[in-house]
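Comments concern the structure below.
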Amino acid sequence: MRKNIKTTEAIFPMPVLMVATYNNDESVDVMNAAWGTMLSRDQVILNLTKTHKTVQNIIERKAFTVSIADSKHVVEADYFGIVSGNDTEDKFEKTGLTVTKSENIDAPIINEFPICFECEFIEYQDDEYGCGVIAKVVNVTALEEVINGDNVDISLVDAIAFDPYTHGYYKVQERVGEAFSDGLKLK
């Protein structure tokens, strides 16, 4: 038997994405965004309103980074989601995290997060069906400790996902199958 539930924004897992930009004074701004994904092989889309300081920075600077949050930095990631850059000037500094300026775009790379997408702003869409930042991914970097051979090893990334049902964070870690292979058993 199935039961109706009250939430509609409940696709799980939702990523925990750290979106980083520079402010006008060159300080770092970061927000936590769960509503984001790949739009195509080299484009990302983030469902964000223009009221966010980060979105204002993206539109002005034409660049940003998106990092995958990990379980080692749950406190910092959550902080970036509950404190607004519109109200707190030294938001990033309070976390103790560090950044390196991207060599490819005008945006900071947060050194502690395992995977980072460097993005060039394409456009902001705002219509009756939603709003969002669309960008081209120009480079992706990963910490050496999450790479196995030539590929990122997700079990080493220790990524976290947001649970919209109970507002929890969960580790995304254990491999349970082989894509484009396991289903062939039913063919």
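Chain labels A, B, ... are given in the sequence in which chains occur in the structure tokens; within each chain residues are numbered consecutively from 1, and ligands are likewise numbered from 1 in the order shown.
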Distance query A:Ala161 at most 12 Å, only C-alpha atoms, self and fewer than 3 positions along chain excluded, as a PyMOL selection string: chain A and resi 11-17+32-36+68-71+74+77-78+158+164+167-173
Skip A:Ile5 itself and residues of its chain fewer than 4 positions away, then list as a PDB file with N, CA and C atoms, in the first residue's frame all residues within 12 Å of it, counting only C-alpha atoms.
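Full text of result.pdb as output:
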```
ATOM      1  N   GLU A   9       9.274  18.198  -3.388  1.00  0.00           N
ATOM      2  CA  GLU A   9      10.683  18.422  -3.688  1.00  0.00           C
ATOM      3  C   GLU A   9      11.524  17.345  -3.032  1.00  0.00           C
ATOM      4  N   ALA A  10      11.264  16.093  -3.388  1.00  0.00           N
ATOM      5  CA  ALA A  10      11.835  14.999  -2.628  1.00  0.00           C
ATOM      6  C   ALA A  10      12.541  13.958  -3.482  1.00  0.00           C
ATOM      7  N   TYR A 165      13.534  14.670   2.685  1.00  0.00           N
ATOM      8  CA  TYR A 165      12.444  14.190   3.535  1.00  0.00           C
ATOM      9  C   TYR A 165      12.665  14.555   5.001  1.00  0.00           C
TER      10      TYR A 165
END
```
Need to verify the contact set: A:Ser102, 12 Å, only C-alpha atoms, exclusion of same-chain residues closer than 2 positions in sequence. Can you return it as an NGL selection string? :A and (20-22 or 63-66 or 99-100 or 104-111 or 116-120 or 138-141)
Considering only C-alpha atoms, return as a PyMOL selection string whatever protein or nucleic-acid residues lie within 9 Å of A:Asp42, sequence-local ones (same chain, fewer than 2 positions apart) excluded. chain A and resi 38-40+44+135-138
Restricting the output to N, CA and C atoms, write the selected residues as a compact mmCIF listing (two decimals), in the first residue's frame.
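Okay, out_14.txt is ready:
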```
# COMPACT_ATOMS: atom_id res chain seq x y z
N MET A 38 24.02 18.24 -14.00
CA MET A 38 24.58 18.40 -15.34
C MET A 38 23.41 18.61 -16.30
N LEU A 39 23.56 19.60 -17.18
CA LEU A 39 22.54 19.86 -18.21
C LEU A 39 22.90 19.11 -19.47
N SER A 40 24.18 19.00 -19.75
CA SER A 40 24.72 18.21 -20.87
C SER A 40 26.13 17.80 -20.47
N VAL A 44 26.39 22.83 -16.73
CA VAL A 44 25.68 22.62 -15.47
C VAL A 44 24.51 23.60 -15.39
N ALA A 135 25.72 27.21 -17.13
CA ALA A 135 27.14 27.51 -17.35
C ALA A 135 27.83 26.37 -18.09
N LYS A 136 28.92 26.73 -18.73
CA LYS A 136 29.77 25.77 -19.42
C LYS A 136 30.89 25.35 -18.47
N VAL A 137 31.12 24.07 -18.37
CA VAL A 137 32.22 23.55 -17.57
C VAL A 137 33.48 23.63 -18.43
N VAL A 138 34.47 24.40 -17.98
CA VAL A 138 35.69 24.56 -18.75
C VAL A 138 36.84 23.72 -18.22
```
In Å, with one decimal, what is the gap from atom CA of A:Glu174 to atom CA of A:Ser67?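 These two atoms are separated by 20.2 Å.
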Identify, on the basis of only C-alpha atoms, every residue whose closest approach to stretch 143-146 of chain A does not exceed 9 Å; exclude the query and any residue fewer than 5 positions from it along the same chain; express the result as a PDB file with N, CA and C atoms, in the first residue's frame.
```pdb
ATOM      1  N   ASN A 111      40.002  24.488  -1.741  1.00  0.00           N
ATOM      2  CA  ASN A 111      41.040  23.456  -1.730  1.00  0.00           C
ATOM      3  C   ASN A 111      40.635  22.169  -1.040  1.00  0.00           C
ATOM      4  N   GLU A 112      39.785  22.234  -0.052  1.00  0.00           N
ATOM      5  CA  GLU A 112      39.475  21.059   0.760  1.00  0.00           C
ATOM      6  C   GLU A 112      38.428  20.130   0.144  1.00  0.00           C
ATOM      7  N   PHE A 113      37.606  20.605  -0.773  1.00  0.00           N
ATOM      8  CA  PHE A 113      36.577  19.741  -1.357  1.00  0.00           C
ATOM      9  C   PHE A 113      37.182  18.890  -2.476  1.00  0.00           C
ATOM     10  N   PRO A 114      36.772  17.623  -2.595  1.00  0.00           N
ATOM     11  CA  PRO A 114      37.462  16.663  -3.452  1.00  0.00           C
ATOM     12  C   PRO A 114      37.349  16.881  -4.966  1.00  0.00           C
ATOM     13  N   ILE A 115      36.234  17.395  -5.449  1.00  0.00           N
ATOM     14  CA  ILE A 115      36.039  17.584  -6.897  1.00  0.00           C
ATOM     15  C   ILE A 115      35.526  18.997  -7.125  1.00  0.00           C
ATOM     16  N   CYS A 116      36.050  19.646  -8.167  1.00  0.00           N
ATOM     17  CA  CYS A 116      35.642  21.017  -8.464  1.00  0.00           C
ATOM     18  C   CYS A 116      35.452  21.211  -9.964  1.00  0.00           C
ATOM     19  N   ASN A 151      40.964   7.615 -13.031  1.00  0.00           N
ATOM     20  CA  ASN A 151      39.586   8.014 -12.755  1.00  0.00           C
ATOM     21  C   ASN A 151      39.371   8.388 -11.291  1.00  0.00           C
ATOM     22  N   VAL A 152      38.341   9.207 -11.080  1.00  0.00           N
ATOM     23  CA  VAL A 152      37.902   9.499  -9.722  1.00  0.00           C
ATOM     24  C   VAL A 152      37.253   8.241  -9.165  1.00  0.00           C
ATOM     25  N   ASP A 153      37.589   7.897  -7.949  1.00  0.00           N
ATOM     26  CA  ASP A 153      37.006   6.758  -7.249  1.00  0.00           C
ATOM     27  C   ASP A 153      35.997   7.322  -6.246  1.00  0.00           C
ATOM     28  N   ILE A 154      34.725   7.195  -6.560  1.00  0.00           N
ATOM     29  CA  ILE A 154      33.665   7.792  -5.734  1.00  0.00           C
ATOM     30  C   ILE A 154      33.724   7.298  -4.293  1.00  0.00           C
ATOM     31  N   SER A 155      34.175   6.070  -4.066  1.00  0.00           N
ATOM     32  CA  SER A 155      34.266   5.584  -2.684  1.00  0.00           C
ATOM     33  C   SER A 155      35.310   6.354  -1.886  1.00  0.00           C
ATOM     34  N   LEU A 156      36.267   6.965  -2.578  1.00  0.00           N
ATOM     35  CA  LEU A 156      37.280   7.778  -1.910  1.00  0.00           C
ATOM     36  C   LEU A 156      36.838   9.235  -1.752  1.00  0.00           C
ATOM     37  N   VAL A 157      35.913   9.683  -2.595  1.00  0.00           N
ATOM     38  CA  VAL A 157      35.411  11.063  -2.542  1.00  0.00           C
ATOM     39  C   VAL A 157      34.659  11.305  -1.242  1.00  0.00           C
ATOM     40  N   ASP A 158      33.921  10.302  -0.793  1.00  0.00           N
ATOM     41  CA  ASP A 158      33.148  10.414   0.443  1.00  0.00           C
ATOM     42  C   ASP A 158      32.102  11.528   0.334  1.00  0.00           C
TER      43      ASP A 158
END
```
Just want the 12 Å neighbourhood of A:Lys50, counted on only C-alpha atoms, with same-chain residues fewer than 5 positions away dropped. Output as a PyMOL selection string. chain A and resi 55-60+86+124-126+130-133
Please give the complete set of residues from stretch 1-180 of chain A that DSSP, run on the backbone, assigns to strand (DSSP E or B), formatted as a VMD selection string. chain A and resid 14 to 15 17 to 22 28 to 33 36 to 40 43 to 46 63 to 68 70 99 to 101 108 to 110 115 to 127 130 to 142 147 to 148 151 to 152 159 to 163 168 to 172
Any chance you could list, as a list of chain:residue names, the residues in stretch 132-171 of chain A that come up helix (DSSP H, G or I) when DSSP is run on the backbone?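 After running DSSP on the backbone, stretch 132-171 of chain A has helix (DSSP H, G or I) at A:Glu144, A:Glu145, A:Val146, A:Ile154, A:Ser155, A:Leu156, A:Val157.
Checking A:Glu103, A:Asp163, A:Asp182, A:Glu123 one by one against A:Ile45, counting only C-alpha atoms, you find the shortest gap at A:Glu123.
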Could you tell me how far atom CA of A:Asp150 sits from atom CA of A:Ile134, in Å to one decimal place? 28.3 Å
Report, in Å with one decimal, the straight-line distance from atom CA of A:Ile122 to atom CA of A:Leu48. 14.4 Å
Using only C-alpha atoms, which protein or nucleic acid residues come within 10 Å of A:Glu89? Drop anything in the same chain fewer than 3 positions from it, and give the result as a ChimeraX atom specification. /A:23,27-29,84-86,92-94
